[in-house]
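Enquirer: My structure is stored as start_3.cif, with mmCIF, C-alpha atoms.
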```
data_data
#
loop_
_atom_site.group_PDB
_atom_site.id
_atom_site.type_symbol
_atom_site.label_atom_id
_atom_site.label_comp_id
_atom_site.auth_asym_id
_atom_site.auth_seq_id
_atom_site.Cartn_x
_atom_site.Cartn_y
_atom_site.Cartn_z
ATOM 1 C CA MET Z 1 -89.851 -75.483 81.776
ATOM 2 C CA ARG Z 2 -88.084 -72.628 80.038
ATOM 3 C CA THR Z 3 -85.450 -70.523 81.777
ATOM 4 C CA ASP Z 4 -84.426 -67.191 80.256
ATOM 5 C CA VAL Z 5 -81.482 -65.483 81.968
ATOM 6 C CA ASN Z 6 -79.958 -62.119 81.146
ATOM 7 C CA PHE Z 7 -76.375 -62.866 80.070
ATOM 8 C CA ASN Z 8 -75.006 -59.305 79.906
ATOM 9 C CA GLN Z 9 -72.479 -59.473 82.739
ATOM 10 C CA GLY Z 10 -69.080 -61.127 82.978
ATOM 11 C CA TRP Z 11 -67.818 -60.497 79.436
ATOM 12 C CA GLU Z 12 -64.326 -59.492 78.321
ATOM 13 C CA PHE Z 13 -63.339 -57.591 75.186
ATOM 14 C CA ILE Z 14 -60.292 -56.900 73.038
ATOM 15 C CA LEU Z 15 -59.823 -55.101 69.726
ATOM 16 C CA SER Z 16 -57.622 -57.272 67.507
ATOM 17 C CA ASP Z 17 -57.372 -58.174 63.829
ATOM 18 C CA THR Z 18 -56.362 -61.742 64.755
ATOM 19 C CA GLU Z 19 -57.633 -64.146 67.392
ATOM 20 C CA PRO Z 20 -56.119 -63.076 70.719
ATOM 21 C CA SER Z 21 -54.435 -65.463 73.105
ATOM 22 C CA ALA Z 22 -55.987 -66.475 76.398
ATOM 23 C CA ASP Z 23 -53.575 -64.221 78.316
ATOM 24 C CA ALA Z 24 -53.941 -61.190 76.025
ATOM 25 C CA ALA Z 25 -54.988 -57.791 77.375
ATOM 26 C CA TRP Z 26 -58.695 -58.598 77.692
ATOM 27 C CA LYS Z 27 -60.693 -55.964 79.551
ATOM 28 C CA PRO Z 28 -63.948 -56.543 81.440
ATOM 29 C CA VAL Z 29 -67.110 -55.136 79.834
ATOM 30 C CA SER Z 30 -70.843 -55.327 80.358
ATOM 31 C CA LEU Z 31 -73.335 -55.579 77.548
ATOM 32 C CA PRO Z 32 -74.712 -53.771 75.643
ATOM 33 C CA HIS Z 33 -71.289 -52.620 74.411
ATOM 34 C CA ASP Z 34 -70.201 -50.400 71.511
ATOM 35 C CA TRP Z 35 -66.442 -50.156 71.212
ATOM 36 C CA ASP Z 36 -66.629 -47.177 68.835
ATOM 37 C CA VAL Z 37 -67.605 -44.847 71.688
ATOM 38 C CA GLU Z 38 -64.244 -45.565 73.326
ATOM 39 C CA TYR Z 39 -62.327 -43.919 70.477
ATOM 40 C CA GLU Z 40 -62.217 -40.319 69.359
ATOM 41 C CA LEU Z 41 -63.836 -39.554 66.036
ATOM 42 C CA GLN Z 42 -61.288 -39.189 63.248
ATOM 43 C CA GLU Z 43 -61.942 -37.149 60.136
ATOM 44 C CA ASP Z 44 -59.799 -39.563 58.118
ATOM 45 C CA ALA Z 45 -61.502 -42.703 59.520
ATOM 46 C CA ALA Z 46 -62.328 -45.342 56.923
ATOM 47 C CA SER Z 47 -65.997 -45.221 57.998
ATOM 48 C CA GLY Z 48 -66.226 -41.698 56.588
ATOM 49 C CA GLY Z 49 -68.879 -39.109 57.277
ATOM 50 C CA GLY Z 50 -71.663 -41.576 56.492
ATOM 51 C CA GLY Z 51 -70.445 -43.837 59.296
ATOM 52 C CA GLY Z 52 -69.928 -41.005 61.753
ATOM 53 C CA TYR Z 53 -66.110 -41.105 61.431
ATOM 54 C CA ALA Z 54 -66.175 -44.079 63.814
ATOM 55 C CA HIS Z 55 -63.207 -46.349 64.491
ATOM 56 C CA ALA Z 56 -64.882 -49.655 63.414
ATOM 57 C CA GLY Z 57 -62.440 -52.585 63.029
ATOM 58 C CA ILE Z 58 -62.488 -56.139 64.437
ATOM 59 C CA GLY Z 59 -63.327 -57.022 68.009
ATOM 60 C CA TRP Z 60 -63.513 -60.170 70.143
ATOM 61 C CA TYR Z 61 -65.738 -60.914 73.124
ATOM 62 C CA ARG Z 62 -65.067 -63.699 75.623
ATOM 63 C CA ARG Z 63 -67.381 -65.179 78.248
ATOM 64 C CA ARG Z 64 -66.630 -68.111 80.560
ATOM 65 C CA PHE Z 65 -69.371 -70.078 82.255
ATOM 66 C CA ALA Z 66 -70.192 -73.439 83.788
ATOM 67 C CA LEU Z 67 -73.346 -75.524 83.840
ATOM 68 C CA THR Z 68 -74.113 -78.818 85.565
ATOM 69 C CA PRO Z 69 -76.283 -81.613 84.185
ATOM 70 C CA GLN Z 70 -78.682 -81.008 87.089
ATOM 71 C CA GLU Z 71 -79.070 -77.376 86.087
ATOM 72 C CA ALA Z 72 -79.680 -78.201 82.456
ATOM 73 C CA ALA Z 73 -82.152 -80.935 83.480
ATOM 74 C CA GLY Z 74 -82.175 -82.449 80.002
ATOM 75 C CA ARG Z 75 -83.074 -79.164 78.329
ATOM 76 C CA HIS Z 76 -81.564 -77.580 75.235
ATOM 77 C CA VAL Z 77 -79.245 -74.607 75.710
ATOM 78 C CA SER Z 78 -79.134 -71.599 73.385
ATOM 79 C CA LEU Z 79 -78.019 -67.998 73.308
ATOM 80 C CA LEU Z 80 -80.201 -65.232 71.939
ATOM 81 C CA PHE Z 81 -78.289 -62.230 70.614
ATOM 82 C CA GLU Z 82 -80.625 -59.276 70.171
ATOM 83 C CA GLY Z 83 -78.125 -57.376 68.026
ATOM 84 C CA VAL Z 84 -74.444 -57.563 67.002
ATOM 85 C CA TYR Z 85 -72.909 -55.129 64.533
ATOM 86 C CA MET Z 86 -71.783 -56.901 62.423
ATOM 87 C CA ASN Z 87 -70.542 -60.156 60.808
ATOM 88 C CA ALA Z 88 -70.685 -62.076 64.071
ATOM 89 C CA SER Z 89 -69.102 -65.522 64.439
ATOM 90 C CA VAL Z 90 -69.883 -67.460 67.626
ATOM 91 C CA TYR Z 91 -67.492 -70.113 68.949
ATOM 92 C CA LEU Z 92 -67.890 -72.385 71.960
ATOM 93 C CA ASN Z 93 -64.831 -74.254 73.212
ATOM 94 C CA GLY Z 94 -63.106 -73.633 69.891
ATOM 95 C CA GLU Z 95 -65.984 -74.867 67.711
ATOM 96 C CA LEU Z 96 -67.709 -72.504 65.295
ATOM 97 C CA LEU Z 97 -71.434 -72.704 66.026
ATOM 98 C CA ALA Z 98 -72.950 -69.886 64.000
ATOM 99 C CA HIS Z 99 -72.294 -66.920 61.769
ATOM 100 C CA HIS Z 100 -74.660 -63.973 61.383
ATOM 101 C CA ASN Z 101 -73.815 -61.221 58.933
ATOM 102 C CA TYR Z 102 -76.540 -58.639 59.355
ATOM 103 C CA GLY Z 103 -76.103 -56.175 62.181
ATOM 104 C CA TYR Z 104 -79.715 -55.196 62.818
ATOM 105 C CA THR Z 105 -81.522 -58.499 63.394
ATOM 106 C CA PRO Z 106 -81.537 -60.874 66.388
ATOM 107 C CA PHE Z 107 -80.327 -64.453 66.085
ATOM 108 C CA MET Z 108 -80.204 -67.615 68.180
ATOM 109 C CA VAL Z 109 -77.298 -70.014 68.577
ATOM 110 C CA SER Z 110 -77.664 -73.551 69.903
ATOM 111 C CA LEU Z 111 -74.846 -74.517 72.290
ATOM 112 C CA ASP Z 112 -75.812 -78.185 72.559
ATOM 113 C CA GLN Z 113 -73.190 -79.675 70.242
ATOM 114 C CA ALA Z 114 -70.167 -78.081 71.951
ATOM 115 C CA LEU Z 115 -71.364 -77.592 75.532
ATOM 116 C CA LYS Z 116 -69.395 -79.207 78.357
ATOM 117 C CA TYR Z 117 -70.955 -79.913 81.743
ATOM 118 C CA ARG Z 118 -69.346 -79.278 85.086
ATOM 119 C CA THR Z 119 -69.626 -82.394 87.244
ATOM 120 C CA ASP Z 120 -67.714 -81.313 90.346
ATOM 121 C CA ALA Z 121 -70.294 -78.799 91.596
ATOM 122 C CA ASP Z 122 -72.151 -79.400 94.824
ATOM 123 C CA PRO Z 123 -75.843 -79.822 93.862
ATOM 124 C CA ASP Z 124 -76.790 -78.206 97.184
ATOM 125 C CA ALA Z 125 -74.633 -75.111 96.659
ATOM 126 C CA GLY Z 126 -76.249 -71.701 96.751
ATOM 127 C CA SER Z 127 -77.338 -69.788 93.685
ATOM 128 C CA THR Z 128 -74.778 -67.738 91.778
ATOM 129 C CA MET Z 129 -77.236 -66.479 89.179
ATOM 130 C CA LEU Z 130 -77.326 -62.739 88.549
ATOM 131 C CA HIS Z 131 -79.422 -60.357 86.472
ATOM 132 C CA SER Z 132 -82.176 -62.820 85.665
ATOM 133 C CA SER Z 133 -85.221 -61.958 83.608
ATOM 134 C CA GLU Z 134 -88.675 -62.293 85.161
ATOM 135 C CA GLU Z 135 -89.134 -65.756 83.675
ATOM 136 C CA GLY Z 136 -85.718 -66.953 84.818
ATOM 137 C CA THR Z 137 -85.933 -65.674 88.387
ATOM 138 C CA ALA Z 138 -88.123 -68.520 89.596
ATOM 139 C CA GLN Z 139 -85.595 -71.058 88.343
ATOM 140 C CA ASN Z 140 -82.330 -69.516 89.553
ATOM 141 C CA ALA Z 141 -81.510 -72.591 91.611
ATOM 142 C CA GLU Z 142 -81.630 -74.757 88.483
ATOM 143 C CA VAL Z 143 -79.013 -72.760 86.605
ATOM 144 C CA ARG Z 144 -77.027 -71.274 89.471
ATOM 145 C CA ASN Z 145 -73.628 -71.717 87.805
ATOM 146 C CA ALA Z 146 -74.419 -70.118 84.447
ATOM 147 C CA LEU Z 147 -72.713 -67.068 85.957
ATOM 148 C CA LEU Z 148 -69.786 -67.889 88.193
ATOM 149 C CA PRO Z 149 -68.937 -65.940 91.340
ATOM 150 C CA GLU Z 150 -65.691 -64.031 91.302
ATOM 151 C CA GLY Z 151 -62.720 -66.288 92.015
ATOM 152 C CA GLU Z 152 -64.143 -69.446 90.393
ATOM 153 C CA GLU Z 153 -62.700 -69.004 86.894
ATOM 154 C CA SER Z 154 -61.035 -72.423 87.149
ATOM 155 C CA ALA Z 155 -64.487 -73.992 87.236
ATOM 156 C CA ALA Z 156 -65.583 -72.219 84.046
ATOM 157 C CA ILE Z 157 -65.150 -75.125 81.694
ATOM 158 C CA ASN Z 158 -66.928 -73.425 78.766
ATOM 159 C CA THR Z 159 -65.323 -70.566 76.872
ATOM 160 C CA LEU Z 160 -67.511 -68.554 74.539
ATOM 161 C CA LEU Z 161 -65.912 -66.347 71.876
ATOM 162 C CA VAL Z 162 -67.760 -63.893 69.650
ATOM 163 C CA HIS Z 163 -65.794 -62.468 66.730
ATOM 164 C CA VAL Z 164 -67.263 -59.201 65.402
ATOM 165 C CA ASP Z 165 -65.976 -57.871 62.078
ATOM 166 C CA ASN Z 166 -66.905 -54.306 61.169
ATOM 167 C CA SER Z 167 -63.690 -53.671 59.236
ATOM 168 C CA LEU Z 168 -65.144 -53.368 55.738
ATOM 169 C CA GLN Z 169 -65.552 -49.602 55.485
ATOM 170 C CA PRO Z 170 -67.266 -47.444 54.502
ATOM 171 C CA GLY Z 171 -70.170 -49.678 55.432
ATOM 172 C CA SER Z 172 -73.067 -47.461 56.458
ATOM 173 C CA ARG Z 173 -74.883 -44.228 55.713
ATOM 174 C CA TRP Z 174 -75.158 -43.427 59.436
ATOM 175 C CA TYR Z 175 -73.396 -44.170 62.707
ATOM 176 C CA SER Z 176 -73.892 -47.895 63.296
ATOM 177 C CA GLY Z 177 -71.556 -48.546 66.195
ATOM 178 C CA SER Z 178 -69.574 -51.762 66.565
ATOM 179 C CA GLY Z 179 -70.009 -54.712 68.891
ATOM 180 C CA ILE Z 180 -72.652 -56.591 70.880
ATOM 181 C CA TYR Z 181 -74.856 -53.528 71.242
ATOM 182 C CA ARG Z 182 -78.011 -55.235 72.537
ATOM 183 C CA ASP Z 183 -78.873 -57.764 75.247
ATOM 184 C CA VAL Z 184 -77.829 -61.424 75.236
ATOM 185 C CA HIS Z 185 -80.026 -64.131 76.797
ATOM 186 C CA PHE Z 186 -78.985 -67.565 78.083
ATOM 187 C CA ILE Z 187 -82.002 -69.797 77.408
ATOM 188 C CA LEU Z 188 -82.768 -73.371 78.456
ATOM 189 C CA TYR Z 189 -85.884 -74.987 76.973
ATOM 190 C CA PRO Z 190 -87.446 -78.472 76.781
ATOM 191 C CA ASP Z 191 -87.757 -80.824 73.809
ATOM 192 C CA VAL Z 192 -91.293 -79.617 73.145
ATOM 193 C CA HIS Z 193 -91.234 -75.842 73.025
ATOM 194 C CA ILE Z 194 -92.487 -72.716 71.353
ATOM 195 C CA ALA Z 195 -90.344 -71.949 68.325
ATOM 196 C CA PRO Z 196 -88.104 -68.866 68.381
ATOM 197 C CA TRP Z 197 -90.232 -65.873 67.419
ATOM 198 C CA GLY Z 198 -93.027 -68.421 67.146
ATOM 199 C CA ILE Z 199 -95.896 -66.285 68.496
ATOM 200 C CA ARG Z 200 -97.719 -63.765 66.353
ATOM 201 C CA CYS Z 201 -100.662 -61.829 67.748
ATOM 202 C CA ALA Z 202 -102.522 -59.373 65.529
ATOM 203 C CA ALA Z 203 -105.726 -57.383 65.754
ATOM 204 C CA ASN Z 204 -107.741 -59.117 63.055
ATOM 205 C CA ALA Z 205 -110.591 -56.632 63.386
ATOM 206 C CA ILE Z 206 -111.783 -53.882 65.715
ATOM 207 C CA TYR Z 207 -115.528 -53.240 66.040
ATOM 208 C CA PRO Z 208 -116.292 -49.759 67.436
ATOM 209 C CA ASP Z 209 -120.055 -50.370 67.382
ATOM 210 C CA SER Z 210 -119.795 -53.310 69.777
ATOM 211 C CA ASP Z 211 -116.627 -52.047 71.516
ATOM 212 C CA SER Z 212 -114.757 -55.290 70.864
ATOM 213 C CA ALA Z 213 -111.708 -56.612 69.040
ATOM 214 C CA ASP Z 214 -111.046 -59.870 67.224
ATOM 215 C CA LEU Z 215 -107.483 -61.134 67.737
ATOM 216 C CA LEU Z 216 -105.623 -63.655 65.607
ATOM 217 C CA ILE Z 217 -102.934 -65.565 67.537
ATOM 218 C CA GLN Z 218 -100.653 -67.910 65.631
ATOM 219 C CA THR Z 219 -98.184 -70.157 67.456
ATOM 220 C CA SER Z 220 -95.459 -72.440 66.126
ATOM 221 C CA VAL Z 221 -94.388 -75.344 68.342
ATOM 222 C CA CYS Z 222 -91.359 -77.624 67.882
ATOM 223 C CA ASN Z 223 -91.182 -81.259 68.928
ATOM 224 C CA GLU Z 224 -87.511 -82.189 69.280
ATOM 225 C CA SER Z 225 -88.322 -85.324 71.239
ATOM 226 C CA SER Z 226 -88.119 -88.859 69.813
ATOM 227 C CA ASP Z 227 -91.859 -89.481 70.292
ATOM 228 C CA ARG Z 228 -95.110 -88.306 68.750
ATOM 229 C CA GLN Z 229 -96.694 -85.716 71.028
ATOM 230 C CA ILE Z 230 -100.292 -84.607 71.559
ATOM 231 C CA ILE Z 231 -99.952 -80.973 72.589
ATOM 232 C CA GLY Z 232 -102.281 -78.321 73.955
ATOM 233 C CA VAL Z 233 -101.501 -74.637 73.389
ATOM 234 C CA LEU Z 234 -103.190 -72.295 75.884
ATOM 235 C CA HIS Z 235 -103.332 -68.500 75.470
ATOM 236 C CA GLU Z 236 -104.306 -66.161 78.311
ATOM 237 C CA LEU Z 237 -104.466 -62.397 77.812
ATOM 238 C CA PHE Z 238 -103.952 -60.178 80.870
ATOM 239 C CA ASP Z 239 -104.442 -56.444 81.201
ATOM 240 C CA ARG Z 240 -101.954 -54.075 82.806
ATOM 241 C CA ASP Z 241 -103.394 -54.784 86.265
ATOM 242 C CA GLY Z 242 -102.959 -58.548 85.872
ATOM 243 C CA GLU Z 243 -106.629 -59.331 85.312
ATOM 244 C CA LYS Z 244 -107.344 -62.134 82.864
ATOM 245 C CA ILE Z 245 -109.227 -60.811 79.837
ATOM 246 C CA THR Z 246 -109.485 -63.847 77.545
ATOM 247 C CA SER Z 247 -108.531 -67.507 77.481
ATOM 248 C CA SER Z 248 -108.352 -69.684 74.375
ATOM 249 C CA GLY Z 249 -106.562 -72.779 73.193
ATOM 250 C CA ALA Z 250 -105.893 -75.249 70.410
ATOM 251 C CA GLY Z 251 -104.430 -78.710 69.981
ATOM 252 C CA LEU Z 252 -101.568 -80.064 67.892
ATOM 253 C CA LEU Z 253 -100.405 -83.548 66.970
ATOM 254 C CA LEU Z 254 -96.684 -83.409 66.268
ATOM 255 C CA GLU Z 255 -94.549 -86.239 64.991
ATOM 256 C CA ALA Z 256 -91.045 -86.622 66.403
ATOM 257 C CA GLY Z 257 -88.712 -83.972 65.030
ATOM 258 C CA SER Z 258 -91.496 -81.886 63.495
ATOM 259 C CA GLU Z 259 -92.916 -78.394 63.862
ATOM 260 C CA GLY Z 260 -96.565 -77.352 63.700
ATOM 261 C CA THR Z 261 -98.663 -74.208 63.828
ATOM 262 C CA CYS Z 262 -102.037 -73.533 65.442
ATOM 263 C CA ARG Z 263 -104.331 -70.500 65.370
ATOM 264 C CA VAL Z 264 -107.005 -69.114 67.668
ATOM 265 C CA ARG Z 265 -109.261 -66.046 67.335
ATOM 266 C CA PRO Z 266 -110.292 -64.804 70.789
ATOM 267 C CA MET Z 267 -112.574 -61.799 71.228
ATOM 268 C CA VAL Z 268 -111.660 -58.932 73.558
ATOM 269 C CA ASP Z 269 -114.518 -56.889 74.989
ATOM 270 C CA HIS Z 270 -113.948 -53.189 75.669
ATOM 271 C CA PRO Z 271 -110.350 -53.228 74.374
ATOM 272 C CA HIS Z 272 -108.009 -50.535 75.593
ATOM 273 C CA LEU Z 273 -106.489 -49.452 72.289
ATOM 274 C CA TRP Z 274 -102.827 -48.588 71.874
ATOM 275 C CA ASP Z 275 -101.844 -45.216 70.458
ATOM 276 C CA ALA Z 276 -98.839 -42.909 70.617
ATOM 277 C CA ASP Z 277 -100.290 -40.879 73.491
ATOM 278 C CA ASP Z 278 -101.446 -43.938 75.427
ATOM 279 C CA PRO Z 279 -99.216 -46.923 74.508
ATOM 280 C CA TYR Z 280 -101.259 -49.455 76.463
ATOM 281 C CA LEU Z 281 -99.968 -53.035 76.429
ATOM 282 C CA TYR Z 282 -101.560 -56.314 77.405
ATOM 283 C CA THR Z 283 -99.545 -59.423 78.278
ATOM 284 C CA LEU Z 284 -100.190 -62.613 76.330
ATOM 285 C CA VAL Z 285 -99.138 -65.721 78.270
ATOM 286 C CA THR Z 286 -98.758 -68.761 76.012
ATOM 287 C CA GLN Z 287 -98.348 -72.227 77.523
ATOM 288 C CA VAL Z 288 -97.520 -75.530 75.856
ATOM 289 C CA GLN Z 289 -99.059 -78.456 77.728
ATOM 290 C CA ILE Z 290 -98.618 -82.226 77.522
ATOM 291 C CA ASN Z 291 -101.025 -84.436 79.470
ATOM 292 C CA GLY Z 292 -102.225 -81.341 81.322
ATOM 293 C CA LYS Z 293 -98.715 -80.377 82.457
ATOM 294 C CA THR Z 294 -97.177 -77.101 81.308
ATOM 295 C CA VAL Z 295 -93.779 -77.702 79.705
ATOM 296 C CA ASP Z 296 -93.083 -74.285 78.172
ATOM 297 C CA THR Z 297 -94.290 -70.712 78.739
ATOM 298 C CA VAL Z 298 -93.646 -67.496 76.828
ATOM 299 C CA ARG Z 299 -94.914 -63.997 77.672
ATOM 300 C CA THR Z 300 -95.541 -61.538 74.859
ATOM 301 C CA PRO Z 301 -96.462 -57.834 75.164
ATOM 302 C CA VAL Z 302 -99.459 -57.047 72.961
ATOM 303 C CA GLY Z 303 -100.933 -53.768 71.807
ATOM 304 C CA ILE Z 304 -104.358 -53.568 70.149
ATOM 305 C CA ARG Z 305 -104.787 -50.856 67.537
ATOM 306 C CA THR Z 306 -105.981 -50.048 64.037
ATOM 307 C CA ALA Z 307 -103.627 -49.454 61.144
ATOM 308 C CA ALA Z 308 -105.122 -46.037 60.402
#
```
So, in terms of structure tokens, how does the structure I just supplied come out?
Expert:
Amino acid sequence: MRTDVNFNQGWEFILSDTEPSADAAWKPVSLPHDWDVEYELQEDAASGGGGGYAHAGIGWYRRRFALTPQEAAGRHVSLLFEGVYMNASVYLNGELLAHHNYGYTPFMVSLDQALKYRTDADPDAGSTMLHSSEEGTAQNAEVRNALLPEGEESAAINTLLVHVDNSLQPGSRWYSGSGIYRDVHFILYPDVHIAPWGIRCAANAIYPDSDSADLLIQTSVCNESSDRQIIGVLHELFDRDGEKITSSGAGLLLEAGSEGTCRVRPMVDHPHLWDADDPYLYTLVTQVQINGKTVDTVRTPVGIRTAA
């Protein structure tokens, strides 16, 4: 199953043009973080009036963590950055894993190739997980060392560095800020899983005469296993009170190492339409199943509305 843990706590930061040493003057920060707000605006700043006279520059973020093989349970490990401004380079244990230039789009980074596992942890130790998302809460015990309790830095065998370069100025027509300014998620997922941003739900048509809506749900699924997989994709739509409104599904046959897409078109009777005065949201729960067993689940907020 998937585990999605909020990874905003336990970071350190330093402003430096060059890579800082391990014993440099790192300061503790929580995400989201914008280092520009820590400096006074300067009329002669390189960012200029278009950039809000912000400091900008080059910053580094550091995060230590540990994970045991039992906690990973054979799953892949990735980080989801919802937003970093800008030119972000992500290193794990000294190895460059990813670079993302644009400051306004999310990106995922696989940690698998550089991740080290802690083997000295007691498998019966209590949970040290903090700030979990709803999906991750039920699996805290499986990833209890992804955040270490204070005083266990020696056990943090993984060091994550994020280099953020906002030094090329002027670089914006408005105040952009600088740094990891949105949430970060620590995600573990199985070989067969829903692709990142792999669910698209749209109102294909709304019929006022019959008080119904036709949805189009498209789902992309990845098979990173070494075997061909026969997969079922189940969609359940719930209203705000948790009542199931629709249920639909489709099948996929995926070869090893492949990705496939399936579509369903469920009908919703008496839809509660979204608008600016009443931004009503449903919850779409998508499950990937193999031999009747759910191996991955993703929840997606859904609003039903016209384009007019």
Enquirer: Quick one: contact table of segment 26-78 of chain Z to segment 193-203 of chain Z, 12 Å max, nearest atom pair and distance in Å to one decimal per residue, counting all atoms listed in the file, chain and number order, as JSON lines?
Expert:
```
{"residue": "Z:Arg75", "atom": "CA", "partner": "Z:His193", "partner_atom": "CA", "distance": 10.3}
{"residue": "Z:His76", "atom": "CA", "partner": "Z:His193", "partner_atom": "CA", "distance": 10.1}
{"residue": "Z:Ser78", "atom": "CA", "partner": "Z:Pro196", "partner_atom": "CA", "distance": 10.6}
```
Enquirer: I would like the residues chosen by the PyMOL selection byres ((chain Z and resi 111) around 9) on the shown file; could you give them as a ChimeraX atom specification?
Expert: /Z:76-79,92,97,109-110,112-115
Enquirer: May I have the residues from that selection written out with C-alpha atoms, as a PDB file, in the frame of the given file?
Expert:
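Contents of the output file out.pdb:
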```pdb
ATOM      1  CA  HIS Z  76     -81.564 -77.580  75.235  1.00  0.00           C
ATOM      2  CA  VAL Z  77     -79.245 -74.607  75.710  1.00  0.00           C
ATOM      3  CA  SER Z  78     -79.134 -71.599  73.385  1.00  0.00           C
ATOM      4  CA  LEU Z  79     -78.019 -67.998  73.308  1.00  0.00           C
ATOM      5  CA  LEU Z  92     -67.890 -72.385  71.960  1.00  0.00           C
ATOM      6  CA  LEU Z  97     -71.434 -72.704  66.026  1.00  0.00           C
ATOM      7  CA  VAL Z 109     -77.298 -70.014  68.577  1.00  0.00           C
ATOM      8  CA  SER Z 110     -77.664 -73.551  69.903  1.00  0.00           C
ATOM      9  CA  ASP Z 112     -75.812 -78.185  72.559  1.00  0.00           C
ATOM     10  CA  GLN Z 113     -73.190 -79.675  70.242  1.00  0.00           C
ATOM     11  CA  ALA Z 114     -70.167 -78.081  71.951  1.00  0.00           C
ATOM     12  CA  LEU Z 115     -71.364 -77.592  75.532  1.00  0.00           C
TER      13      LEU Z 115
END
```
Enquirer: Using all atoms listed in the file, which of the listed residues (Z:Ala205, Z:Gly177, Z:Gly260, Z:Leu273) sits closest to Gln218 of chain Z?
Expert: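 Smallest separation from Gln218 of chain Z among the options: Z:Gly260.
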Enquirer: My list of candidates is Z:Asn101, Z:Thr246, Z:Thr219, Z:Lys293. Which is closest to Cys262 of chain Z when distances are computed with all atoms listed in the file?
Expert: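 That would be Z:Thr219, the residue with the smallest distance to Cys262 of chain Z.
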Enquirer: Between atom CA of Val233 of chain Z and atom CA of Val192 of chain Z, what distance in Å does the model show, to one decimal?
Expert: 11.4 Å
Enquirer: Identify, on the basis of all atoms listed in the file, every residue whose closest approach to Arg62 of chain Z does not exceed 8 Å; exclude the query and any residue fewer than 3 positions from it along the same chain; express the result as a PDB file with C-alpha atoms, in the coordinates of the input.
Expert:
```
ATOM      1  CA  TRP Z  11     -67.818 -60.497  79.436  1.00  0.00           C
ATOM      2  CA  GLU Z  12     -64.326 -59.492  78.321  1.00  0.00           C
ATOM      3  CA  PHE Z  13     -63.339 -57.591  75.186  1.00  0.00           C
ATOM      4  CA  THR Z 159     -65.323 -70.566  76.872  1.00  0.00           C
ATOM      5  CA  LEU Z 160     -67.511 -68.554  74.539  1.00  0.00           C
ATOM      6  CA  LEU Z 161     -65.912 -66.347  71.876  1.00  0.00           C
ATOM      7  CA  VAL Z 162     -67.760 -63.893  69.650  1.00  0.00           C
TER       8      VAL Z 162
END
```
Enquirer: Might you spell out which residues the PyMOL selection byres ((chain Z and resi 248) around 10) would select in the displayed file, as a PyMOL selection string?
Expert: chain Z and resi 217+233-237+246-247+249-250+263-267+286
Enquirer: Could you check how far atom CA of Thr294 of chain Z sits from atom CA of Gly232 of chain Z, in Å to one decimal?
Expert: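 Computing the Euclidean distance for atom CA of Thr294 of chain Z and atom CA of Gly232 of chain Z yields 9.0 Å.
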Enquirer: So, with all atoms listed in the file as the atoms that count, which of Z:Thr119, Z:Ser21, Z:Gln42, Z:Asn204 lies closest to Pro69 of chain Z?
Expert: Z:Thr119
Enquirer: If we count all atoms listed in the file, what is near Gly103 of chain Z at a cut-off of 12 Å, once residues fewer than 4 positions away on the same chain are taken out, given as number ranges by chain?
Expert: Z: 81-89, 99, 107, 164-166, 171-172, 176-182
